[in-house]
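Asker: My file is model14.pdb. It has PDB, C-alpha atoms:
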ATOM      1  CA  MET A   1    -131.887 -19.109  62.628
ATOM      2  CA  LYS A   2    -128.883 -17.796  60.759
ATOM      3  CA  SER A   3    -127.987 -19.027  57.298
ATOM      4  CA  LEU A   4    -125.231 -18.342  54.805
ATOM      5  CA  GLU A   5    -127.831 -16.349  52.861
ATOM      6  CA  ASP A   6    -127.563 -13.608  55.507
ATOM      7  CA  LEU A   7    -124.070 -12.871  54.284
ATOM      8  CA  LYS A   8    -125.352 -11.714  50.902
ATOM      9  CA  LYS A   9    -127.367  -9.040  52.661
ATOM     10  CA  MET A  10    -124.485  -8.073  54.915
ATOM     11  CA  ARG A  11    -122.111  -7.785  51.996
ATOM     12  CA  GLU A  12    -123.281  -4.363  50.734
ATOM     13  CA  GLU A  13    -123.030  -2.751  54.105
ATOM     14  CA  ALA A  14    -119.674  -4.318  54.894
ATOM     15  CA  LEU A  15    -118.339  -3.179  51.542
ATOM     16  CA  LYS A  16    -119.300   0.418  52.284
ATOM     17  CA  LYS A  17    -117.412   0.246  55.541
ATOM     18  CA  VAL A  18    -114.348  -1.230  53.889
ATOM     19  CA  GLU A  19    -114.352   1.542  51.282
ATOM     20  CA  MET A  20    -114.761   4.161  53.957
ATOM     21  CA  ARG A  21    -111.738   2.749  55.690
ATOM     22  CA  GLU A  22    -109.517   3.114  52.643
ATOM     23  CA  GLY A  23    -108.693   6.537  54.102
ATOM     24  CA  GLY A  24    -107.352   4.735  57.160
ATOM     25  CA  LYS A  25    -108.596   4.539  60.718
ATOM     26  CA  ASP A  26    -107.283   6.851  63.380
ATOM     27  CA  TYR A  27    -106.758   4.204  66.035
ATOM     28  CA  ARG A  28    -105.464   0.668  66.229
ATOM     29  CA  VAL A  29    -106.639  -1.312  69.241
ATOM     30  CA  VAL A  30    -104.378  -4.294  69.927
ATOM     31  CA  VAL A  31    -105.199  -7.172  72.265
ATOM     32  CA  GLY A  32    -102.493  -9.496  73.636
ATOM     33  CA  MET A  33    -103.657 -12.988  72.710
ATOM     34  CA  ALA A  34    -100.801 -15.256  73.783
ATOM     35  CA  THR A  35    -101.129 -17.946  76.456
ATOM     36  CA  CYS A  36    -100.904 -15.378  79.241
ATOM     37  CA  GLY A  37    -103.536 -13.137  77.695
ATOM     38  CA  ILE A  38    -105.984 -15.925  76.896
ATOM     39  CA  ALA A  39    -105.618 -17.444  80.357
ATOM     40  CA  ALA A  40    -106.213 -14.060  81.993
ATOM     41  CA  GLY A  41    -109.410 -13.474  80.015
ATOM     42  CA  ALA A  42    -108.397 -11.717  76.797
ATOM     43  CA  ARG A  43    -110.978 -13.542  74.734
ATOM     44  CA  PRO A  44    -114.070 -11.934  76.285
ATOM     45  CA  VAL A  45    -112.248  -8.602  76.012
ATOM     46  CA  LEU A  46    -111.583  -9.118  72.310
ATOM     47  CA  ASN A  47    -115.179 -10.209  71.913
ATOM     48  CA  LYS A  48    -116.431  -7.008  73.522
ATOM     49  CA  LEU A  49    -114.114  -4.809  71.460
ATOM     50  CA  VAL A  50    -115.334  -6.388  68.215
ATOM     51  CA  GLU A  51    -118.978  -6.116  69.287
ATOM     52  CA  GLU A  52    -118.726  -2.472  70.286
ATOM     53  CA  THR A  53    -116.745  -1.527  67.191
ATOM     54  CA  ALA A  54    -119.341  -3.171  64.951
ATOM     55  CA  GLU A  55    -122.244  -1.585  66.763
ATOM     56  CA  LYS A  56    -120.952   1.943  67.302
ATOM     57  CA  ASN A  57    -118.699   2.161  64.271
ATOM     58  CA  TYR A  58    -115.654   3.437  66.157
ATOM     59  CA  ASN A  59    -112.799   4.931  64.190
ATOM     60  CA  CYS A  60    -110.440   2.008  64.874
ATOM     61  CA  VAL A  61    -109.325  -1.421  63.788
ATOM     62  CA  VAL A  62    -109.146  -4.183  66.381
ATOM     63  CA  THR A  63    -106.171  -6.521  66.001
ATOM     64  CA  GLN A  64    -104.218  -9.091  68.000
ATOM     65  CA  THR A  65    -100.660  -9.557  69.061
ATOM     66  CA  GLY A  66     -98.662 -12.151  70.963
ATOM     67  CA  CYS A  67     -97.142 -11.812  74.387
ATOM     68  CA  ILE A  68     -96.134  -8.244  75.188
ATOM     69  CA  GLY A  69     -93.818  -9.376  78.000
ATOM     70  CA  MET A  70     -95.868  -8.133  80.922
ATOM     71  CA  CYS A  71     -97.887 -11.268  81.618
ATOM     72  CA  VAL A  72     -98.823 -10.245  85.179
ATOM     73  CA  TYR A  73    -100.740  -7.290  83.790
ATOM     74  CA  GLU A  74    -102.840  -9.284  81.315
ATOM     75  CA  PRO A  75    -105.340  -8.863  79.766
ATOM     76  CA  ILE A  76    -103.537  -5.990  78.054
ATOM     77  CA  VAL A  77    -105.020  -3.702  75.421
ATOM     78  CA  GLU A  78    -102.810  -1.231  73.587
ATOM     79  CA  VAL A  79    -104.287   1.734  71.761
ATOM     80  CA  TYR A  80    -102.137   3.173  68.970
ATOM     81  CA  GLY A  81    -102.922   6.606  67.637
ATOM     82  CA  LYS A  82    -102.298   7.905  64.141
ATOM     83  CA  ASP A  83     -98.892   9.329  65.027
ATOM     84  CA  GLY A  84     -97.688   6.021  66.401
ATOM     85  CA  GLU A  85     -97.951   7.057  70.049
ATOM     86  CA  HIS A  86     -99.530   4.377  72.182
ATOM     87  CA  THR A  87    -101.195   3.798  75.515
ATOM     88  CA  THR A  88    -101.025   0.490  77.358
ATOM     89  CA  TYR A  89    -104.100  -0.472  79.335
ATOM     90  CA  VAL A  90    -103.767  -3.331  81.832
ATOM     91  CA  TYR A  91    -106.048  -5.703  83.743
ATOM     92  CA  VAL A  92    -108.683  -5.025  81.109
ATOM     93  CA  ASP A  93    -112.086  -6.656  81.381
ATOM     94  CA  PRO A  94    -115.063  -6.302  79.010
ATOM     95  CA  GLU A  95    -116.387  -3.340  80.981
ATOM     96  CA  LYS A  96    -113.080  -1.472  80.844
ATOM     97  CA  ALA A  97    -112.802  -2.365  77.148
ATOM     98  CA  THR A  98    -116.112  -0.620  76.497
ATOM     99  CA  ARG A  99    -114.898   2.491  78.324
ATOM    100  CA  ILE A 100    -111.575   2.523  76.496
ATOM    101  CA  LEU A 101    -113.418   2.622  73.172
ATOM    102  CA  GLU A 102    -115.878   5.207  74.408
ATOM    103  CA  GLU A 103    -113.358   7.581  75.944
ATOM    104  CA  HIS A 104    -110.056   7.023  74.176
ATOM    105  CA  VAL A 105    -111.095   6.049  70.659
ATOM    106  CA  GLY A 106    -114.386   7.953  70.741
ATOM    107  CA  LYS A 107    -113.297  11.188  72.420
ATOM    108  CA  GLY A 108    -109.509  11.088  72.508
ATOM    109  CA  HIS A 109    -109.327  11.035  76.315
ATOM    110  CA  ILE A 110    -106.737   8.677  77.781
ATOM    111  CA  LEU A 111    -108.077   6.748  80.775
ATOM    112  CA  GLU A 112    -105.081   7.234  83.045
ATOM    113  CA  GLU A 113    -106.466   5.041  85.827
ATOM    114  CA  TYR A 114    -106.380   1.932  83.611
ATOM    115  CA  THR A 115    -102.856   2.410  82.248
ATOM    116  CA  VAL A 116     -99.810   0.363  83.121
ATOM    117  CA  ASP A 117     -98.218   3.403  84.751
ATOM    118  CA  ALA A 118    -101.146   3.744  87.129
ATOM    119  CA  ALA A 119    -100.974   0.027  87.954
ATOM    120  CA  LYS A 120     -97.245   0.248  88.669
ATOM    121  CA  LYS A 121     -97.717   3.294  90.881
ATOM    122  CA  ALA A 122    -100.484   1.547  92.820
ATOM    123  CA  GLU A 123     -98.167  -1.406  93.439
ATOM    124  CA  ALA A 124     -95.268   0.748  94.579
ATOM    125  CA  ARG A 125     -97.448   2.333  97.225
TER     126      ARG A 125
ATOM    127  CA  MET B   1    -104.637 -21.651  83.662
ATOM    128  CA  MET B   2    -107.022 -22.196  80.828
ATOM    129  CA  GLN B   3    -110.566 -22.233  82.094
ATOM    130  CA  ASP B   4    -112.296 -24.067  79.301
ATOM    131  CA  LEU B   5    -111.675 -26.402  76.377
ATOM    132  CA  ALA B   6    -112.226 -23.664  73.830
ATOM    133  CA  MET B   7    -109.312 -21.698  75.341
ATOM    134  CA  HIS B   8    -107.029 -24.725  75.175
ATOM    135  CA  MET B   9    -108.013 -25.219  71.555
ATOM    136  CA  LEU B  10    -107.501 -21.564  70.683
ATOM    137  CA  GLU B  11    -103.938 -21.879  71.954
ATOM    138  CA  ILE B  12    -103.213 -24.717  69.571
ATOM    139  CA  ILE B  13    -104.922 -22.871  66.705
ATOM    140  CA  MET B  14    -102.658 -19.873  67.397
ATOM    141  CA  ASN B  15     -99.688 -22.213  66.920
ATOM    142  CA  SER B  16    -101.060 -23.232  63.522
ATOM    143  CA  ILE B  17    -101.440 -19.584  62.551
ATOM    144  CA  ALA B  18     -97.857 -18.922  63.638
ATOM    145  CA  ALA B  19     -96.738 -21.917  61.557
ATOM    146  CA  GLY B  20     -97.982 -20.133  58.445
ATOM    147  CA  ALA B  21    -100.909 -22.446  57.693
ATOM    148  CA  SER B  22    -103.318 -21.501  54.922
ATOM    149  CA  LEU B  23    -105.900 -24.064  56.008
ATOM    150  CA  ILE B  24    -106.780 -25.097  59.550
ATOM    151  CA  ARG B  25    -109.220 -27.915  60.227
ATOM    152  CA  ILE B  26    -110.871 -28.188  63.603
ATOM    153  CA  LEU B  27    -112.880 -31.247  64.509
ATOM    154  CA  PHE B  28    -114.698 -31.522  67.802
ATOM    155  CA  ILE B  29    -116.542 -34.740  68.647
ATOM    156  CA  ASP B  30    -118.703 -34.869  71.745
ATOM    157  CA  SER B  31    -119.809 -38.464  72.254
ATOM    158  CA  LYS B  32    -121.989 -39.423  75.170
ATOM    159  CA  ALA B  33    -122.158 -42.992  73.897
ATOM    160  CA  LYS B  34    -118.382 -43.420  73.997
ATOM    161  CA  ASP B  35    -117.998 -41.154  77.029
ATOM    162  CA  GLU B  36    -115.364 -39.309  75.098
ATOM    163  CA  ILE B  37    -114.490 -35.917  73.719
ATOM    164  CA  GLN B  38    -112.208 -35.955  70.714
ATOM    165  CA  ILE B  39    -110.448 -32.951  69.308
ATOM    166  CA  GLU B  40    -108.441 -32.849  66.118
ATOM    167  CA  LEU B  41    -106.577 -29.763  64.996
ATOM    168  CA  GLU B  42    -104.934 -30.084  61.624
ATOM    169  CA  ASP B  43    -102.962 -27.486  59.711
ATOM    170  CA  ASN B  44    -100.899 -27.269  56.558
ATOM    171  CA  GLY B  45     -98.284 -25.027  58.123
ATOM    172  CA  LYS B  46     -94.543 -25.460  58.001
ATOM    173  CA  GLY B  47     -94.579 -28.563  60.205
ATOM    174  CA  MET B  48     -91.941 -29.750  62.660
ATOM    175  CA  SER B  49     -88.940 -32.018  62.553
ATOM    176  CA  GLU B  50     -89.136 -35.383  64.283
ATOM    177  CA  GLU B  51     -86.907 -34.104  67.012
ATOM    178  CA  MET B  52     -89.100 -31.057  67.598
ATOM    179  CA  VAL B  53     -92.237 -33.245  67.757
ATOM    180  CA  LYS B  54     -90.611 -35.218  70.572
ATOM    181  CA  ARG B  55     -89.882 -32.084  72.521
ATOM    182  CA  VAL B  56     -93.038 -30.135  71.753
ATOM    183  CA  THR B  57     -94.917 -30.977  74.958
ATOM    184  CA  ASP B  58     -91.976 -29.846  77.070
ATOM    185  CA  PRO B  59     -92.807 -26.416  78.522
ATOM    186  CA  PHE B  60     -89.224 -25.362  77.920
ATOM    187  CA  THR B  61     -89.629 -25.833  74.206
ATOM    188  CA  THR B  62     -90.908 -23.023  72.050
ATOM    189  CA  GLY B  63     -90.780 -21.912  68.459
ATOM    190  CA  ARG B  64     -90.393 -18.301  69.408
ATOM    191  CA  THR B  65     -87.125 -16.555  69.900
ATOM    192  CA  THR B  66     -88.097 -13.968  72.482
ATOM    193  CA  ARG B  67     -87.984 -16.355  75.411
ATOM    194  CA  LYS B  68     -87.498 -19.964  76.314
ATOM    195  CA  VAL B  69     -90.886 -21.217  77.467
ATOM    196  CA  GLY B  70     -93.979 -22.295  75.553
ATOM    197  CA  LEU B  71     -97.000 -23.442  77.466
ATOM    198  CA  GLY B  72     -99.905 -23.951  75.068
ATOM    199  CA  VAL B  73     -99.139 -27.529  74.059
ATOM    200  CA  SER B  74     -97.953 -28.607  77.513
ATOM    201  CA  PHE B  75    -101.169 -27.303  79.080
ATOM    202  CA  MET B  76    -103.205 -29.331  76.599
ATOM    203  CA  LYS B  77    -101.158 -32.450  77.257
ATOM    204  CA  GLY B  78    -101.491 -31.913  81.001
ATOM    205  CA  LEU B  79    -105.237 -31.752  80.591
ATOM    206  CA  THR B  80    -105.359 -35.075  78.770
ATOM    207  CA  GLU B  81    -103.348 -36.689  81.554
ATOM    208  CA  GLN B  82    -105.682 -35.216  84.123
ATOM    209  CA  CYS B  83    -108.823 -36.383  82.307
ATOM    210  CA  ASN B  84    -107.869 -39.906  81.430
ATOM    211  CA  GLY B  85    -107.219 -39.021  77.816
ATOM    212  CA  VAL B  86    -104.751 -39.336  74.997
ATOM    213  CA  PHE B  87    -102.501 -36.720  73.458
ATOM    214  CA  ASP B  88    -100.733 -37.124  70.159
ATOM    215  CA  VAL B  89     -98.916 -34.863  67.693
ATOM    216  CA  LYS B  90     -98.087 -35.836  64.155
ATOM    217  CA  SER B  91     -96.059 -33.527  62.030
ATOM    218  CA  GLN B  92     -93.989 -33.418  58.913
ATOM    219  CA  LEU B  93     -91.736 -30.594  57.789
ATOM    220  CA  GLY B  94     -93.299 -28.716  54.896
ATOM    221  CA  VAL B  95     -96.567 -30.644  55.139
ATOM    222  CA  GLY B  96     -98.234 -29.643  58.378
ATOM    223  CA  THR B  97     -99.142 -30.677  61.879
ATOM    224  CA  THR B  98    -102.055 -32.537  63.444
ATOM    225  CA  VAL B  99    -102.783 -32.446  67.144
ATOM    226  CA  TYR B 100    -105.052 -35.205  68.369
ATOM    227  CA  VAL B 101    -106.649 -35.093  71.803
ATOM    228  CA  SER B 102    -109.168 -37.300  73.550
ATOM    229  CA  LEU B 103    -110.691 -36.784  76.989
ATOM    230  CA  GLN B 104    -113.014 -38.764  79.210
ATOM    231  CA  ARG B 105    -116.314 -36.887  78.908
ATOM    232  CA  SER B 106    -117.587 -37.739  82.387
ATOM    233  CA  HIS B 107    -114.269 -37.004  84.107
ATOM    234  CA  ILE B 108    -114.652 -34.786  87.151
ATOM    235  CA  ASP B 109    -111.688 -32.652  86.103
ATOM    236  CA  LEU B 110    -112.977 -32.000  82.600
ATOM    237  CA  PRO B 111    -113.262 -28.235  82.143
ATOM    238  CA  PRO B 112    -116.427 -26.801  80.603
ATOM    239  CA  LEU B 113    -116.562 -26.719  76.826
ATOM    240  CA  GLY B 114    -116.515 -22.938  76.655
ATOM    241  CA  ASN B 115    -117.585 -20.800  73.756
ATOM    242  CA  LEU B 116    -116.544 -22.404  70.471
ATOM    243  CA  GLY B 117    -118.074 -19.598  68.399
ATOM    244  CA  GLU B 118    -115.964 -17.061  70.259
ATOM    245  CA  MET B 119    -112.932 -19.285  69.808
ATOM    246  CA  MET B 120    -113.427 -19.327  66.026
ATOM    247  CA  MET B 121    -114.057 -15.602  65.996
ATOM    248  CA  ALA B 122    -110.807 -14.939  67.860
ATOM    249  CA  ALA B 123    -108.888 -17.220  65.486
ATOM    250  CA  ILE B 124    -110.316 -15.612  62.342
ATOM    251  CA  GLN B 125    -109.789 -12.183  63.814
ATOM    252  CA  GLY B 126    -106.165 -13.150  64.370
ATOM    253  CA  ASN B 127    -105.649 -14.029  60.748
ATOM    254  CA  ALA B 128    -108.460 -13.563  58.276
ATOM    255  CA  ASP B 129    -106.519 -14.776  55.244
ATOM    256  CA  ILE B 130    -106.443 -18.364  56.459
ATOM    257  CA  ASN B 131    -109.285 -20.744  55.690
ATOM    258  CA  TYR B 132    -110.856 -22.514  58.619
ATOM    259  CA  GLN B 133    -113.000 -25.627  58.562
ATOM    260  CA  PHE B 134    -114.788 -26.284  61.789
ATOM    261  CA  THR B 135    -116.884 -29.386  62.474
ATOM    262  CA  TYR B 136    -118.856 -30.208  65.587
ATOM    263  CA  LYS B 137    -120.203 -33.731  65.935
ATOM    264  CA  ASN B 138    -122.139 -35.590  68.566
ATOM    265  CA  ASP B 139    -123.734 -39.043  68.529
ATOM    266  CA  SER B 140    -126.568 -38.059  66.223
ATOM    267  CA  ASN B 141    -125.770 -34.710  64.606
ATOM    268  CA  GLU B 142    -123.121 -32.746  62.847
ATOM    269  CA  PHE B 143    -122.580 -29.052  62.256
ATOM    270  CA  ALA B 144    -119.960 -27.831  59.812
ATOM    271  CA  PHE B 145    -118.631 -24.374  59.116
ATOM    272  CA  ASP B 146    -116.239 -23.481  56.341
ATOM    273  CA  THR B 147    -114.791 -20.018  55.687
ATOM    274  CA  ILE B 148    -114.492 -20.878  51.990
ATOM    275  CA  GLU B 149    -118.279 -20.843  51.803
ATOM    276  CA  VAL B 150    -118.447 -17.579  53.697
ATOM    277  CA  ARG B 151    -115.999 -16.035  51.236
ATOM    278  CA  LYS B 152    -118.138 -17.270  48.340
ATOM    279  CA  GLU B 153    -121.077 -15.270  49.669
ATOM    280  CA  LEU B 154    -119.067 -12.210  50.589
ATOM    281  CA  GLY B 155    -116.851 -11.900  47.550
ATOM    282  CA  ASP B 156    -113.187 -10.940  47.689
ATOM    283  CA  GLU B 157    -113.644  -7.319  48.693
ATOM    284  CA  VAL B 158    -114.996  -7.962  52.161
ATOM    285  CA  PRO B 159    -112.429  -9.424  54.567
ATOM    286  CA  LEU B 160    -113.621 -11.888  57.196
ATOM    287  CA  ASN B 161    -112.317  -9.713  60.010
ATOM    288  CA  GLU B 162    -114.908  -7.019  59.439
ATOM    289  CA  PRO B 163    -116.456  -6.720  62.910
ATOM    290  CA  GLN B 164    -120.038  -7.432  61.876
ATOM    291  CA  ILE B 165    -118.942 -10.462  59.834
ATOM    292  CA  LEU B 166    -116.968 -11.815  62.822
ATOM    293  CA  LEU B 167    -119.983 -11.469  65.065
ATOM    294  CA  TRP B 168    -122.162 -13.207  62.522
ATOM    295  CA  ILE B 169    -119.662 -16.080  62.338
ATOM    296  CA  ARG B 170    -119.591 -16.409  66.124
ATOM    297  CA  ASP B 171    -123.370 -16.515  66.401
ATOM    298  CA  TYR B 172    -123.779 -18.777  63.373
ATOM    299  CA  ILE B 173    -121.414 -21.358  64.876
ATOM    300  CA  ASN B 174    -122.933 -21.190  68.345
ATOM    301  CA  GLU B 175    -126.462 -21.514  66.966
ATOM    302  CA  GLY B 176    -125.402 -24.459  64.824
ATOM    303  CA  ILE B 177    -123.838 -26.244  67.790
ATOM    304  CA  GLN B 178    -126.815 -25.460  70.001
ATOM    305  CA  GLN B 179    -129.158 -26.915  67.422
ATOM    306  CA  ALA B 180    -127.062 -30.053  67.056
ATOM    307  CA  LYS B 181    -127.145 -30.453  70.842
ATOM    308  CA  GLU B 182    -130.888 -29.923  71.153
ATOM    309  CA  GLU B 183    -131.747 -32.392  68.438
ATOM    310  CA  GLN B 184    -129.756 -34.982  70.277
ATOM    311  CA  LEU B 185    -131.903 -34.716  73.408
TER     312      LEU B 185
END
Translate this structure into structure tokens?
Answerer:
Amino acid sequence: MKSLEDLKKMREEALKKVEMREGGKDYRVVVGMATCGIAAGARPVLNKLVEETAEKNYNCVVTQTGCIGMCVYEPIVEVYGKDGEHTTYVYVDPEKATRILEEHVGKGHILEEYTVDAAKKAEAR
Amino acid sequence: MMQDLAMHMLEIIMNSIAAGASLIRILFIDSKAKDEIQIELEDNGKGMSEEMVKRVTDPFTTGRTTRKVGLGVSFMKGLTEQCNGVFDVKSQLGVGTTVYVSLQRSHIDLPPLGNLGEMMMAAIQGNADINYQFTYKNDSNEFAFDTIEVRKELGDEVPLNEPQILLWIRDYINEGIQQAKEEQL
């Protein structure tokens, strides 16, 4: 059973991580959490991203945003790099979220097949 | 559409965050005895004018400027109509807003409760500077969670949106609710 006491123990470790971050993280992972995103299943995606980031200590911060304006493609996850360039991943589910962290944030490889461009091309076909 | 109650509630909480609240209170009462689920979401955000309160459940009303529809509140109101419930919004400019919802617990159209721990995690992750008070009640038990107490343990240097803290919060809330449910049986 968890108790508030646990937090005292977690504090030290969390503090170390916060200090480490002062230098800044390389990636910002943004989840669309407006009505469209939530209805399409953004919450389990966000959940997965937070879990994986905590467990594997990825070099990123996970944040939220409102509606990106492409509701049909939700859940959407955007990955921003250090130079401000960004990749938009669409139809994301928890499994894809794990891969995005692994490949893009972990190794710097963009997963082309999950991007909005790939989705648009597939539709045009 | 929203698949569970927690999603509906998260939508309303997001409104409170957007309204600049510094404190959001969430009360969830699950009463078998009264055959009723009651939800109260109270914030101290910027509030709404009387005229806005009247229009707030209209899907073509929204506080945002990027487009002309807003669905969160109308979905919630629709759900109350579907499940034999009541929907009410009270608000005062500069003071805050309270959304009150009741639903018939045994109604066939009542969506599942969903994951309240995940809901709170998503809300806190969205804005970790706000304080959240969450209370779950049923006929015999009560579980309360307050971010002020979490901050007391963590100190000021550790923000609540640290991933491992968020996960702890999620699990702490879900365990607390689970325990309150089991004791009731």
Asker: Considering all atoms listed in the file, can you say which of B:Glu40, B:Glu81, B:Asp129, B:Asp4 comes closest to Gly20 of chain B?
Answerer: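 The answer is B:Asp129, which sits nearest to Gly20 of chain B.
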Asker: Given the file shown, determine the residues that the PyMOL selection byres ((chain B and resi 155-161) around 8) selects; report them as a ChimeraX atom specification.
Answerer: /A:11,14-15,18 /B:124-125,127-129,151-154,162-163,165-166
Asker: Counting all atoms listed in the file, a student should be able to say which residues of chain A come within 12 Å of chain B; what is the right answer, written as a PyMOL selection string?
Answerer: chain A and resi 1-19+21-22+30-58+60-69
Asker: What would the file look like if the residues just selected were written as a PDB file, keeping the file's coordinate frame with C-alpha atoms?
Answerer:
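File produced: result-v4.pdb:
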ATOM      1  CA  MET A   1    -131.887 -19.109  62.628  1.00  0.00           C
ATOM      2  CA  LYS A   2    -128.883 -17.796  60.759  1.00  0.00           C
ATOM      3  CA  SER A   3    -127.987 -19.027  57.298  1.00  0.00           C
ATOM      4  CA  LEU A   4    -125.231 -18.342  54.805  1.00  0.00           C
ATOM      5  CA  GLU A   5    -127.831 -16.349  52.861  1.00  0.00           C
ATOM      6  CA  ASP A   6    -127.563 -13.608  55.507  1.00  0.00           C
ATOM      7  CA  LEU A   7    -124.070 -12.871  54.284  1.00  0.00           C
ATOM      8  CA  LYS A   8    -125.352 -11.714  50.902  1.00  0.00           C
ATOM      9  CA  LYS A   9    -127.367  -9.040  52.661  1.00  0.00           C
ATOM     10  CA  MET A  10    -124.485  -8.073  54.915  1.00  0.00           C
ATOM     11  CA  ARG A  11    -122.111  -7.785  51.996  1.00  0.00           C
ATOM     12  CA  GLU A  12    -123.281  -4.363  50.734  1.00  0.00           C
ATOM     13  CA  GLU A  13    -123.030  -2.751  54.105  1.00  0.00           C
ATOM     14  CA  ALA A  14    -119.674  -4.318  54.894  1.00  0.00           C
ATOM     15  CA  LEU A  15    -118.339  -3.179  51.542  1.00  0.00           C
ATOM     16  CA  LYS A  16    -119.300   0.418  52.284  1.00  0.00           C
ATOM     17  CA  LYS A  17    -117.412   0.246  55.541  1.00  0.00           C
ATOM     18  CA  VAL A  18    -114.348  -1.230  53.889  1.00  0.00           C
ATOM     19  CA  GLU A  19    -114.352   1.542  51.282  1.00  0.00           C
ATOM     20  CA  ARG A  21    -111.738   2.749  55.690  1.00  0.00           C
ATOM     21  CA  GLU A  22    -109.517   3.114  52.643  1.00  0.00           C
ATOM     22  CA  VAL A  30    -104.378  -4.294  69.927  1.00  0.00           C
ATOM     23  CA  VAL A  31    -105.199  -7.172  72.265  1.00  0.00           C
ATOM     24  CA  GLY A  32    -102.493  -9.496  73.636  1.00  0.00           C
ATOM     25  CA  MET A  33    -103.657 -12.988  72.710  1.00  0.00           C
ATOM     26  CA  ALA A  34    -100.801 -15.256  73.783  1.00  0.00           C
ATOM     27  CA  THR A  35    -101.129 -17.946  76.456  1.00  0.00           C
ATOM     28  CA  CYS A  36    -100.904 -15.378  79.241  1.00  0.00           C
ATOM     29  CA  GLY A  37    -103.536 -13.137  77.695  1.00  0.00           C
ATOM     30  CA  ILE A  38    -105.984 -15.925  76.896  1.00  0.00           C
ATOM     31  CA  ALA A  39    -105.618 -17.444  80.357  1.00  0.00           C
ATOM     32  CA  ALA A  40    -106.213 -14.060  81.993  1.00  0.00           C
ATOM     33  CA  GLY A  41    -109.410 -13.474  80.015  1.00  0.00           C
ATOM     34  CA  ALA A  42    -108.397 -11.717  76.797  1.00  0.00           C
ATOM     35  CA  ARG A  43    -110.978 -13.542  74.734  1.00  0.00           C
ATOM     36  CA  PRO A  44    -114.070 -11.934  76.285  1.00  0.00           C
ATOM     37  CA  VAL A  45    -112.248  -8.602  76.012  1.00  0.00           C
ATOM     38  CA  LEU A  46    -111.583  -9.118  72.310  1.00  0.00           C
ATOM     39  CA  ASN A  47    -115.179 -10.209  71.913  1.00  0.00           C
ATOM     40  CA  LYS A  48    -116.431  -7.008  73.522  1.00  0.00           C
ATOM     41  CA  LEU A  49    -114.114  -4.809  71.460  1.00  0.00           C
ATOM     42  CA  VAL A  50    -115.334  -6.388  68.215  1.00  0.00           C
ATOM     43  CA  GLU A  51    -118.978  -6.116  69.287  1.00  0.00           C
ATOM     44  CA  GLU A  52    -118.726  -2.472  70.286  1.00  0.00           C
ATOM     45  CA  THR A  53    -116.745  -1.527  67.191  1.00  0.00           C
ATOM     46  CA  ALA A  54    -119.341  -3.171  64.951  1.00  0.00           C
ATOM     47  CA  GLU A  55    -122.244  -1.585  66.763  1.00  0.00           C
ATOM     48  CA  LYS A  56    -120.952   1.943  67.302  1.00  0.00           C
ATOM     49  CA  ASN A  57    -118.699   2.161  64.271  1.00  0.00           C
ATOM     50  CA  TYR A  58    -115.654   3.437  66.157  1.00  0.00           C
ATOM     51  CA  CYS A  60    -110.440   2.008  64.874  1.00  0.00           C
ATOM     52  CA  VAL A  61    -109.325  -1.421  63.788  1.00  0.00           C
ATOM     53  CA  VAL A  62    -109.146  -4.183  66.381  1.00  0.00           C
ATOM     54  CA  THR A  63    -106.171  -6.521  66.001  1.00  0.00           C
ATOM     55  CA  GLN A  64    -104.218  -9.091  68.000  1.00  0.00           C
ATOM     56  CA  THR A  65    -100.660  -9.557  69.061  1.00  0.00           C
ATOM     57  CA  GLY A  66     -98.662 -12.151  70.963  1.00  0.00           C
ATOM     58  CA  CYS A  67     -97.142 -11.812  74.387  1.00  0.00           C
ATOM     59  CA  ILE A  68     -96.134  -8.244  75.188  1.00  0.00           C
ATOM     60  CA  GLY A  69     -93.818  -9.376  78.000  1.00  0.00           C
TER      61      GLY A  69
END
Asker: Just say which residues the PyMOL selection byres ((chain B and resi 56) around 12) picks in this file, as JSON, numbers by chain.
Answerer: {"B": [12, 15, 47, 48, 49, 50, 51, 52, 53, 54, 55, 57, 58, 59, 60, 61, 62, 63, 69, 70, 71, 72, 73, 74, 75, 76, 77, 87, 88, 89, 90, 91, 97, 99]}
Asker: Return the single residue from B:Leu41, B:Ile17, B:Glu36, B:Met120 that is closest to Asn84 of chain B, with distances computed using all atoms listed in the file.
Answerer: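 So, comparing all the options, the nearest one is B:Glu36.
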Asker: Can you pull out every residue within 9 Å of Cys83 of chain B, counting all atoms listed in the file, but drop anything in the same chain fewer than 4 positions away, and send it as a VMD selection string?
Answerer: chain B and resid 78 to 79 102 to 110
Asker: One number please: atom CA of Asp35 of chain B to atom CA of Glu182 of chain B, in Å, one decimal.
Answerer: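 Atom CA of Asp35 of chain B sits 18.1 Å away from atom CA of Glu182 of chain B.
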Asker: Smallest atom-to-atom distance to Ala119 of chain A: which of A:Lys96, A:Asn59, A:Tyr89, A:Val77, using all atoms listed in the file?
Answerer: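 When distances to Ala119 of chain A are compared using all atoms listed in the file, the smallest one comes from A:Tyr89.
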